[in-house]
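The next block is coords.txt, given as compact mmCIF, C-alpha atoms and all ligand atoms.
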# COMPACT_ATOMS: atom_id res chain seq x y z
CA MET A 9 48.26 -24.35 -15.65
CA LYS A 10 49.62 -21.03 -14.39
CA ILE A 11 48.42 -17.64 -13.22
CA THR A 12 50.02 -15.16 -15.62
CA GLU A 13 48.65 -11.79 -14.60
CA ALA A 14 46.45 -10.22 -11.93
CA ASN A 15 44.80 -6.80 -11.81
CA VAL A 16 42.83 -4.89 -9.20
CA PHE A 17 40.12 -2.34 -10.05
CA VAL A 18 38.69 0.07 -7.48
CA GLY A 19 35.45 1.96 -8.15
CA GLY A 20 31.87 1.45 -9.17
CA PRO A 21 28.45 3.04 -9.46
CA GLY A 22 27.71 4.59 -6.07
CA LYS A 23 30.19 2.22 -4.37
CA ASN A 24 33.93 1.60 -4.38
CA TYR A 25 34.02 -2.05 -5.40
CA VAL A 26 37.45 -3.73 -5.24
CA THR A 27 37.56 -6.29 -8.03
CA LEU A 28 40.36 -8.78 -8.63
CA LYS A 29 40.87 -10.38 -12.04
CA LEU A 30 43.27 -13.36 -12.29
CA MET A 31 44.44 -14.34 -15.79
CA THR A 32 45.79 -17.79 -16.67
CA ASP A 33 47.89 -19.22 -19.48
CA GLN A 34 44.81 -21.12 -20.69
CA GLY A 35 42.71 -18.05 -21.37
CA ILE A 36 40.33 -18.76 -18.48
CA TYR A 37 40.16 -15.96 -15.90
CA GLY A 38 38.78 -15.74 -12.40
CA LEU A 39 37.09 -12.83 -10.60
CA GLY A 40 36.87 -12.00 -6.90
CA ASP A 41 35.57 -9.25 -4.62
CA ALA A 42 37.88 -7.61 -2.04
CA THR A 43 35.58 -4.72 -1.13
CA LEU A 44 36.06 -3.68 2.50
CA ASN A 45 33.38 -1.08 3.05
CA ASN A 46 34.80 2.43 3.46
CA ARG A 47 38.39 1.10 3.60
CA GLU A 48 38.58 -0.04 -0.02
CA THR A 49 42.11 1.14 -0.85
CA LEU A 50 43.62 -1.09 1.84
CA PRO A 51 42.74 -4.60 0.56
CA ALA A 52 43.64 -3.26 -2.91
CA ALA A 53 47.14 -2.39 -1.61
CA TYR A 54 47.41 -5.74 0.20
CA LEU A 55 46.61 -7.49 -3.08
CA ASN A 56 48.95 -5.39 -5.20
CA ASP A 57 51.88 -5.28 -2.80
CA TYR A 58 51.85 -8.77 -1.25
CA LEU A 59 49.47 -11.32 -2.73
CA ILE A 60 49.68 -10.71 -6.47
CA PRO A 61 53.50 -10.86 -6.68
CA ASN A 62 53.29 -14.29 -5.00
CA LEU A 63 50.43 -15.52 -7.18
CA ILE A 64 52.07 -15.14 -10.57
CA GLY A 65 53.32 -18.51 -11.80
CA ARG A 66 51.24 -20.60 -9.38
CA ASP A 67 48.82 -23.31 -10.48
CA PRO A 68 45.36 -21.78 -9.81
CA ARG A 69 43.82 -25.24 -9.38
CA ASN A 70 45.59 -25.63 -6.01
CA SER A 71 43.22 -23.25 -4.25
CA GLU A 72 43.61 -24.92 -0.83
CA ASP A 73 47.41 -24.64 -0.83
CA ILE A 74 47.26 -21.05 -2.07
CA TRP A 75 44.79 -20.18 0.69
CA GLN A 76 47.04 -21.77 3.36
CA TYR A 77 50.12 -20.10 1.86
CA PHE A 78 48.61 -16.63 2.24
CA TYR A 79 46.89 -17.32 5.59
CA ARG A 80 49.60 -19.16 7.50
CA GLY A 81 52.39 -17.62 5.49
CA ALA A 82 51.43 -14.06 6.43
CA TYR A 83 52.55 -14.61 10.05
CA PHE A 84 50.11 -11.82 11.06
CA ARG A 85 46.95 -13.80 10.43
CA ARG A 86 43.38 -12.63 10.00
CA GLY A 87 42.07 -9.05 10.25
CA PRO A 88 39.60 -7.49 7.81
CA ILE A 89 42.13 -6.10 5.33
CA ALA A 90 44.17 -9.26 4.82
CA MET A 91 41.10 -11.51 4.82
CA ALA A 92 39.16 -9.39 2.31
CA ALA A 93 42.18 -9.51 -0.02
CA LEU A 94 42.54 -13.27 0.49
CA GLY A 95 38.77 -13.64 0.05
CA ALA A 96 39.03 -12.15 -3.44
CA VAL A 97 41.90 -14.49 -4.38
CA ASP A 98 39.98 -17.52 -3.14
CA MET A 99 36.77 -16.52 -4.97
CA ALA A 100 38.73 -16.01 -8.19
CA LEU A 101 40.40 -19.44 -7.83
CA TRP A 102 37.02 -21.16 -7.35
CA ASP A 103 35.70 -19.20 -10.33
CA ILE A 104 38.57 -20.60 -12.42
CA LYS A 105 38.12 -24.14 -11.04
CA ALA A 106 34.41 -24.18 -11.89
CA LYS A 107 35.00 -22.67 -15.34
CA LEU A 108 37.60 -25.39 -16.01
CA ALA A 109 35.03 -28.01 -15.06
CA ASN A 110 32.48 -26.11 -17.18
CA LEU A 111 30.09 -26.17 -14.22
CA PRO A 112 28.33 -23.57 -12.10
CA LEU A 113 30.22 -23.34 -8.83
CA TYR A 114 27.42 -24.85 -6.71
CA GLN A 115 27.97 -28.16 -8.49
CA LEU A 116 31.48 -28.34 -7.00
CA LEU A 117 30.06 -27.72 -3.52
CA GLY A 118 27.56 -30.58 -3.70
CA GLY A 119 24.81 -29.40 -6.02
CA LYS A 120 21.46 -27.86 -5.23
CA SER A 121 19.57 -28.41 -1.98
CA ARG A 122 16.89 -25.93 -3.14
CA GLU A 123 15.88 -24.20 -6.35
CA ALA A 124 16.15 -20.65 -5.01
CA ALA A 125 17.35 -18.92 -1.87
CA LEU A 126 15.13 -16.85 0.44
CA LEU A 127 16.14 -13.17 0.58
CA TYR A 128 15.38 -10.38 3.01
CA ALA A 129 15.23 -6.73 2.07
CA HIS A 130 15.86 -3.63 4.19
CA ALA A 131 12.70 -1.73 5.02
CA THR A 132 13.39 1.58 6.77
CA GLY A 133 11.79 4.90 7.49
CA PRO A 134 12.40 8.04 9.50
CA ASP A 135 9.30 7.10 11.50
CA LEU A 136 7.03 4.09 12.01
CA ASN A 137 4.48 5.10 9.35
CA SER A 138 7.07 5.51 6.63
CA LEU A 139 8.63 2.21 7.71
CA MET A 140 5.22 0.56 7.19
CA ASP A 141 5.13 2.08 3.66
CA SER A 142 8.61 0.71 3.01
CA ILE A 143 7.50 -2.76 4.18
CA ASP A 144 4.52 -2.53 1.79
CA PHE A 145 6.91 -1.61 -1.03
CA TYR A 146 8.91 -4.83 -0.52
CA ARG A 147 5.84 -6.99 0.04
CA GLU A 148 4.48 -5.79 -3.29
CA GLN A 149 7.74 -7.03 -4.87
CA GLY A 150 7.10 -10.44 -3.34
CA TYR A 151 9.44 -10.31 -0.35
CA SER A 152 8.29 -12.49 2.54
CA ALA A 153 11.14 -11.35 4.83
CA VAL A 154 12.20 -7.81 5.72
CA ARG A 155 14.65 -6.21 8.11
CA VAL A 156 12.80 -3.37 9.84
CA GLN A 157 14.50 -0.24 11.19
CA CYS A 158 13.04 3.17 11.90
CA GLY A 159 13.87 6.50 13.43
CA ILE A 160 13.00 6.94 17.08
CA PRO A 161 10.94 9.93 18.23
CA GLY A 162 13.11 12.25 20.28
CA MET A 163 16.38 10.80 18.98
CA PRO A 164 18.28 13.82 17.59
CA THR A 165 19.34 11.94 14.46
CA THR A 166 17.15 9.44 12.67
CA GLY A 167 19.20 6.49 13.90
CA TYR A 168 21.09 3.75 12.11
CA GLY A 169 19.78 2.07 9.07
CA VAL A 170 17.93 5.14 7.83
CA ASP A 171 19.47 7.31 5.15
CA SER A 172 18.79 11.02 4.82
CA GLN A 173 15.89 10.36 2.44
CA GLY A 174 14.55 7.93 5.01
CA ASP A 175 13.97 5.11 2.57
CA SER A 176 16.20 2.12 2.06
CA ASN A 177 15.24 1.66 -1.57
CA ARG A 178 18.23 3.83 -2.33
CA GLN A 179 20.33 2.92 0.69
CA TYR A 180 23.02 1.25 -1.38
CA ILE A 181 24.45 4.61 -2.37
CA THR A 182 27.43 5.23 -0.10
CA ASP A 183 27.87 8.50 1.67
CA PHE A 184 30.84 9.73 -0.35
CA SER A 185 31.21 12.79 1.84
CA GLY A 186 34.91 12.18 2.43
CA ILE A 187 37.05 10.53 5.04
CA HIS A 188 35.66 12.61 7.93
CA PRO A 189 32.71 10.72 9.40
CA ARG A 190 29.37 12.34 10.03
CA GLU A 191 28.28 12.07 13.69
CA GLU A 192 25.05 10.63 15.05
CA ILE A 193 23.59 10.60 18.55
CA TRP A 194 22.39 7.41 20.24
CA ASP A 195 20.09 7.18 23.26
CA THR A 196 19.66 3.64 24.59
CA ASP A 197 16.82 4.50 26.97
CA LEU A 198 14.72 5.99 24.15
CA TYR A 199 15.41 2.96 21.97
CA MET A 200 14.52 0.48 24.72
CA ARG A 201 11.27 2.35 25.46
CA TYR A 202 10.20 2.77 21.84
CA MET A 203 11.35 -0.14 19.72
CA PRO A 204 9.67 -3.21 21.32
CA ASP A 205 6.30 -1.52 21.00
CA ALA A 206 7.02 -0.36 17.44
CA LEU A 207 7.99 -3.92 16.44
CA MET A 208 4.78 -5.24 17.99
CA ARG A 209 2.72 -2.70 16.01
CA ILE A 210 4.42 -3.91 12.82
CA ARG A 211 3.62 -7.51 13.71
CA GLU A 212 -0.03 -6.67 14.44
CA HIS A 213 -0.36 -4.67 11.23
CA PHE A 214 1.21 -7.24 8.90
CA GLY A 215 0.10 -10.47 10.59
CA PRO A 216 1.99 -13.63 11.57
CA GLU A 217 3.32 -14.69 8.14
CA LEU A 218 5.77 -11.88 7.38
CA LYS A 219 9.30 -12.70 8.51
CA LEU A 220 10.57 -9.74 10.53
CA LEU A 221 14.25 -9.17 11.27
CA HIS A 222 15.72 -6.37 13.36
CA ASP A 223 19.34 -5.19 13.64
CA VAL A 224 20.49 -3.65 16.93
CA HIS A 225 23.84 -2.83 15.30
CA HIS A 226 25.98 -3.58 18.37
CA ARG A 227 24.38 -0.80 20.41
CA LEU A 228 23.36 -2.51 23.69
CA LEU A 229 25.20 -3.65 26.81
CA PRO A 230 24.75 -7.35 27.68
CA ARG A 231 22.13 -6.74 30.37
CA GLU A 232 20.23 -4.31 28.16
CA ALA A 233 20.36 -6.80 25.28
CA ALA A 234 18.89 -9.52 27.50
CA GLU A 235 16.06 -7.20 28.59
CA PHE A 236 15.41 -6.09 25.02
CA ALA A 237 15.41 -9.66 23.66
CA LYS A 238 12.97 -10.73 26.36
CA SER A 239 10.66 -7.80 25.67
CA VAL A 240 10.45 -8.47 21.91
CA GLU A 241 9.67 -12.18 22.31
CA PRO A 242 5.92 -11.77 21.54
CA VAL A 243 6.83 -10.19 18.18
CA LYS A 244 8.18 -13.58 17.00
CA LEU A 245 11.14 -12.12 15.14
CA PHE A 246 12.88 -14.23 12.51
CA TRP A 247 16.05 -12.89 14.11
CA LEU A 248 17.53 -10.21 16.32
CA GLU A 249 20.88 -9.15 14.92
CA ASP A 250 24.05 -7.94 16.67
CA PRO A 251 22.41 -7.13 20.02
CA THR A 252 25.86 -6.50 21.52
CA PRO A 253 29.30 -5.93 19.98
CA ALA A 254 30.61 -9.30 18.85
CA GLU A 255 34.00 -9.04 20.55
CA ASP A 256 32.59 -10.16 23.90
CA GLN A 257 31.09 -13.50 23.00
CA ASN A 258 30.47 -14.35 26.65
CA ALA A 259 27.88 -11.58 26.72
CA LEU A 260 25.50 -13.76 24.73
CA LYS A 261 25.16 -16.23 27.61
CA LEU A 262 23.16 -13.74 29.65
CA LEU A 263 20.86 -13.05 26.71
CA ARG A 264 20.35 -16.79 26.11
CA GLN A 265 19.38 -17.33 29.75
CA HIS A 266 16.60 -14.79 29.42
CA SER A 267 15.24 -15.12 25.93
CA THR A 268 14.51 -17.56 23.13
CA VAL A 269 14.65 -14.88 20.40
CA PRO A 270 16.79 -16.19 17.51
CA ILE A 271 20.14 -14.39 17.40
CA ALA A 272 22.19 -13.54 14.28
CA ILE A 273 25.82 -12.41 14.55
CA GLY A 274 28.96 -12.37 12.45
CA GLU A 275 29.05 -9.67 9.77
CA VAL A 276 32.34 -8.32 11.13
CA PHE A 277 33.98 -11.73 11.59
CA ASN A 278 37.07 -12.63 9.58
CA SER A 279 37.59 -16.30 10.32
CA ILE A 280 36.26 -19.51 11.77
CA TRP A 281 38.09 -18.63 14.98
CA ASP A 282 35.81 -15.63 15.47
CA CYS A 283 32.70 -17.83 15.20
CA LYS A 284 33.91 -21.00 16.91
CA GLU A 285 32.83 -20.27 20.50
CA LEU A 286 29.47 -18.82 19.49
CA ILE A 287 28.69 -21.81 17.30
CA GLU A 288 30.02 -24.56 19.57
CA ASN A 289 28.26 -23.12 22.62
CA GLU A 290 25.09 -22.72 20.56
CA LEU A 291 24.80 -19.06 21.53
CA ILE A 292 23.58 -17.99 18.10
CA ASP A 293 21.03 -19.25 15.59
CA PHE A 294 22.35 -17.64 12.40
CA ILE A 295 25.92 -17.00 11.29
CA ARG A 296 26.29 -13.73 9.38
CA VAL A 297 29.79 -13.98 7.87
CA ALA A 298 30.45 -12.63 4.38
CA VAL A 299 32.53 -14.55 1.86
CA THR A 300 34.66 -11.46 1.22
CA TYR A 301 35.39 -10.46 4.83
CA ALA A 302 35.87 -14.03 6.05
CA GLY A 303 38.55 -14.94 3.51
CA GLY A 304 36.69 -16.64 0.67
CA ILE A 305 34.70 -19.73 -0.18
CA THR A 306 37.26 -22.21 1.23
CA PRO A 307 36.98 -21.03 4.87
CA VAL A 308 33.30 -20.07 4.72
CA LYS A 309 32.35 -23.58 3.61
CA ARG A 310 34.15 -24.82 6.76
CA ILE A 311 32.20 -22.35 8.90
CA VAL A 312 28.93 -23.54 7.32
CA ASP A 313 29.83 -27.17 8.05
CA LEU A 314 30.74 -26.40 11.68
CA ALA A 315 27.50 -24.42 12.06
CA ALA A 316 25.48 -27.36 10.72
CA LEU A 317 26.70 -29.53 13.60
CA HIS A 318 25.21 -27.05 16.07
CA HIS A 319 21.85 -26.25 14.43
CA VAL A 320 23.13 -22.83 13.35
CA ARG A 321 21.83 -21.70 9.97
CA THR A 322 23.39 -19.30 7.49
CA GLY A 323 22.34 -15.70 7.06
CA PHE A 324 25.23 -14.26 5.11
CA HIS A 325 25.88 -10.54 5.19
CA GLY A 326 24.60 -8.91 2.01
CA ALA A 327 24.79 -5.19 2.61
CA PRO A 328 25.59 -3.20 -0.53
CA SER A 329 29.20 -3.21 0.64
CA HIS A 330 29.68 -6.41 -1.37
CA SER A 331 29.97 -6.48 -5.13
CA PRO A 332 27.85 -8.86 -7.22
CA LEU A 333 30.86 -11.22 -7.17
CA CYS A 334 30.67 -11.81 -3.41
CA MET A 335 26.88 -11.99 -3.65
CA ALA A 336 27.24 -14.65 -6.36
CA ALA A 337 29.73 -16.67 -4.28
CA GLN A 338 27.20 -16.55 -1.43
CA ALA A 339 24.35 -17.46 -3.78
CA HIS A 340 26.21 -20.65 -4.76
CA LEU A 341 26.75 -21.52 -1.09
CA ASN A 342 23.08 -20.69 -0.39
CA VAL A 343 21.63 -23.14 -2.91
CA TRP A 344 23.97 -25.86 -1.64
CA ALA A 345 24.11 -25.39 2.17
CA PRO A 346 22.01 -27.99 4.02
CA ASN A 347 21.74 -25.46 6.86
CA PHE A 348 20.84 -22.44 4.71
CA GLY A 349 18.70 -19.88 6.55
CA ILE A 350 18.27 -16.64 4.61
CA GLN A 351 20.31 -14.15 2.57
CA GLU A 352 20.40 -10.39 3.08
CA TYR A 353 19.86 -8.62 -0.21
CA LEU A 354 19.81 -5.00 -1.24
CA THR A 355 18.90 -3.90 -4.71
CA LEU A 356 22.23 -3.82 -6.51
CA ASN A 357 20.90 -4.41 -9.97
CA THR A 358 20.84 -0.88 -11.27
CA PRO A 359 21.56 -0.64 -15.01
CA GLU A 360 25.05 0.72 -14.17
CA CYS A 361 25.85 -2.16 -11.81
CA ASP A 362 24.53 -4.73 -14.32
CA ALA A 363 26.70 -3.18 -17.04
CA LEU A 364 29.80 -3.40 -14.86
CA PHE A 365 29.04 -6.93 -13.59
CA PRO A 366 26.96 -8.72 -16.28
CA SER A 367 25.29 -11.91 -15.06
CA GLN A 368 22.31 -14.22 -15.44
CA HIS A 369 21.63 -14.40 -11.70
CA ARG A 370 18.01 -13.42 -11.14
CA VAL A 371 16.02 -12.07 -8.21
CA ALA A 372 12.25 -12.46 -8.31
CA GLY A 373 9.56 -12.57 -5.66
CA GLY A 374 12.06 -12.22 -2.83
CA LEU A 375 14.04 -15.25 -3.99
CA HIS A 376 17.46 -15.57 -5.62
CA TYR A 377 17.64 -17.88 -8.65
CA ILE A 378 21.16 -18.99 -9.41
CA SER A 379 22.79 -18.69 -12.82
CA ASP A 380 23.88 -21.94 -14.46
CA ALA A 381 26.80 -20.27 -16.25
CA PRO A 382 30.18 -21.88 -15.48
CA GLY A 383 32.04 -20.45 -12.47
CA LEU A 384 30.56 -17.73 -10.27
CA GLY A 385 28.37 -16.68 -13.19
CA VAL A 386 29.33 -13.00 -13.01
CA ASP A 387 31.56 -11.17 -15.48
CA PHE A 388 33.37 -7.84 -15.18
CA ASP A 389 33.43 -5.23 -17.96
CA GLU A 390 36.79 -3.45 -17.85
CA ASN A 391 35.66 -0.75 -20.27
CA GLU A 392 32.74 0.11 -18.01
CA ALA A 393 35.15 0.14 -15.08
CA LYS A 394 37.05 3.05 -16.69
CA ARG A 395 34.04 5.26 -15.89
CA TYR A 396 34.66 4.95 -12.15
CA SER A 397 37.37 5.82 -9.67
CA TYR A 398 37.84 5.67 -5.92
CA GLN A 399 35.73 8.12 -3.89
CA PRO A 400 36.46 8.44 -0.17
CA GLY A 401 33.58 7.69 2.20
CA SER A 402 33.17 6.75 5.84
CA HIS A 403 30.88 5.01 8.31
CA PRO A 404 29.23 7.47 10.69
CA ILE A 405 30.54 7.94 14.22
CA VAL A 406 28.03 7.46 17.03
CA ARG A 407 28.07 9.30 20.37
CA LEU A 408 25.88 9.18 23.44
CA ARG A 409 24.19 12.47 24.37
CA ASP A 410 27.03 13.36 26.74
CA GLY A 411 29.58 12.94 23.97
CA THR A 412 30.83 9.44 24.85
CA LEU A 413 31.84 7.56 21.73
CA TRP A 414 29.57 4.55 21.08
CA ASN A 415 29.30 1.66 18.64
CA TYR A 416 28.17 2.36 15.09
C1 LIG B 501 23.69 -5.11 7.82
C2 LIG B 501 24.83 -4.29 8.31
C3 LIG B 501 25.14 -3.08 7.49
C4 LIG B 501 26.43 -2.43 8.00
C5 LIG B 501 27.39 -2.13 6.91
C6 LIG B 501 28.72 -1.67 7.45
O1 LIG B 501 23.14 -5.82 8.62
O2 LIG B 501 23.41 -5.04 6.63
O3 LIG B 501 24.72 -4.04 9.67
O4 LIG B 501 24.04 -2.23 7.46
O5 LIG B 501 26.16 -1.27 8.68
O6 LIG B 501 27.54 -3.25 6.14
O7 LIG B 501 29.70 -1.63 6.47
MG MG B 502 23.92 -5.83 10.50

Could you rewrite the structure in this file as structure tokens?
Ligand code: GCO
Ligand code: MG
Amino acid sequence: MKITEANVFVGGPGKNYVTLKLMTDQGIYGLGDATLNNRETLPAAYLNDYLIPNLIGRDPRNSEDIWQYFYRGAYFRRGPIAMAALGAVDMALWDIKAKLANLPLYQLLGGKSREAALLYAHATGPDLNSLMDSIDFYREQGYSAVRVQCGIPGMPTTGYGVDSQGDSNRQYITDFSGIHPREEIWDTDLYMRYMPDALMRIREHFGPELKLLHDVHHRLLPREAAEFAKSVEPVKLFWLEDPTPAEDQNALKLLRQHSTVPIAIGEVFNSIWDCKELIENELIDFIRVAVTYAGGITPVKRIVDLAALHHVRTGFHGAPSHSPLCMAAQAHLNVWAPNFGIQEYLTLNTPECDALFPSQHRVAGGLHYISDAPGLGVDFDENEAKRYSYQPGSHPIVRLRDGTLWNY
């Protein structure tokens, strides 16, 4: 069996999805997602210029050797661009492998450990009252877990996680305002004074059952993060995400000494080497890698297995940055993983997105029900794809009040 042709498509409804299609001499094809949010042209170039020319003629069934060939063989290993491109190749190879076996991918991982996977939605609002409305909106749809973010009174911009309309129901639409980032202001003191109390009011209003998650988005210094984590303990969060930037993994030790709040980290990680210390030292409770950014199903399965040894559960990244292909790869891992925790999920299934990526995967009552179609269970309509092209966008830039550049 041989790979005969490979094509990359960039574009999509409200997002620049980077989609890889691998053709074989047996008519079976594989699909993968290489979307690197707001840097989409770069993994596309990495695929077109380096990986695809070396894929043609290879036996797609040897997914392990192909992964090693592109990882070790690159000399300059890791990094988000190379790993997103490799992630798409690996996903497409597993898609082919499972289609050849005529099985849904989860069967090749070890079958189902659960019928459906728990999802969390993003509830947001420009202020606490509108956040409460947003939480109600998701509860009415059956969600039992929500990430809660809101604007902070006195903060000149609404703060991260809140779009200009102030409601996350439409948050998946990228800001296609060009390559020049919009700027936001961050004030740590205001956040530290306001947010613990706001989280407690949410807990009191919605009761003990609702799973509440909160994302600090890398904004705090280690000491501040420890203080914040300690102060939100009574809220009984499901998790506190990215309290500090993930580069300094030592920083988590201080937080751990002061708080038992469950910690989730990893959405910017590209390999098992980025997670190793955090997992082995049991400094986190949930690992947030994404199958695209971390180089595909092959390495992410290894991360999940390492995490299982250390009581760390999965909580894969599921921001709208990922196409339904990455979300499907994660859904297969989610129904299999013995240490599954939760899956982030934003409403992708607009009619336009469903037309571009047809599938039988189903979300209902805050749970993801996996498709039993062979492979990843997601197709790609090339005719639909002709409607879209690349649109430049950017993550915002964050500054402190005095102008100092801060972490988005
Ligand atoms: C999350 C993330 C996102 C990121 C985005 C960056 O937890 O979902 O923090 O909101 O900001 O994915 O590309
Ligand atoms: Mg996050």

For ligand LIG 501 (chain B), list the contacting residues at 10 Å or closer, counting only C-alpha atoms and all ligand atoms, as number ranges by chain. A: 44-47, 129-130, 155, 168-170, 179-180, 182, 221-226, 249-250, 272-276, 296, 298, 324-330, 352-354, 402-404, 416

Just want the 10 Å neighbourhood of Leu364 (chain A), counted on all atoms listed in the file, with same-chain residues fewer than 6 positions away dropped. Output as a list of chain:residue names.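 Listing them by chain and then by number gives A:Gly20, A:Pro21, A:Pro332, A:Thr358, A:Val386, A:Asp387, A:Phe388, A:Asp389, A:Glu390, A:Asn391, A:Glu392, A:Ala393, A:Lys394, A:Arg395.
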
Taking into account only C-alpha atoms, which residue in the set A:Lys219, A:Lys120, A:His266, A:Lys244 is nearest to Asp380 (chain A)?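 For Asp380 (chain A), the nearest of the given residues is A:Lys120.
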
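With all atoms listed in the file taken into account, the protein and nucleic acid residues at most 9 Å from Met200 (chain A) (excluding it and anything under 3 positions from it in its own chain) are Asp195, Thr196, Asp197, Met203, Pro204, Glu232, Glu235 and Phe236 of chain A.
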
In Å, how far is it from CA of Val26 (chain A) to CA of Met99 (chain A)?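 Distance between the two atoms: 12.8 Å.
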
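Remark: for Asp41 (chain A), the closest of the candidate residues A:Gly19, A:Gly186, A:Gly401, A:Pro359 is A:Gly19 (distances computed over all atoms listed in the file).
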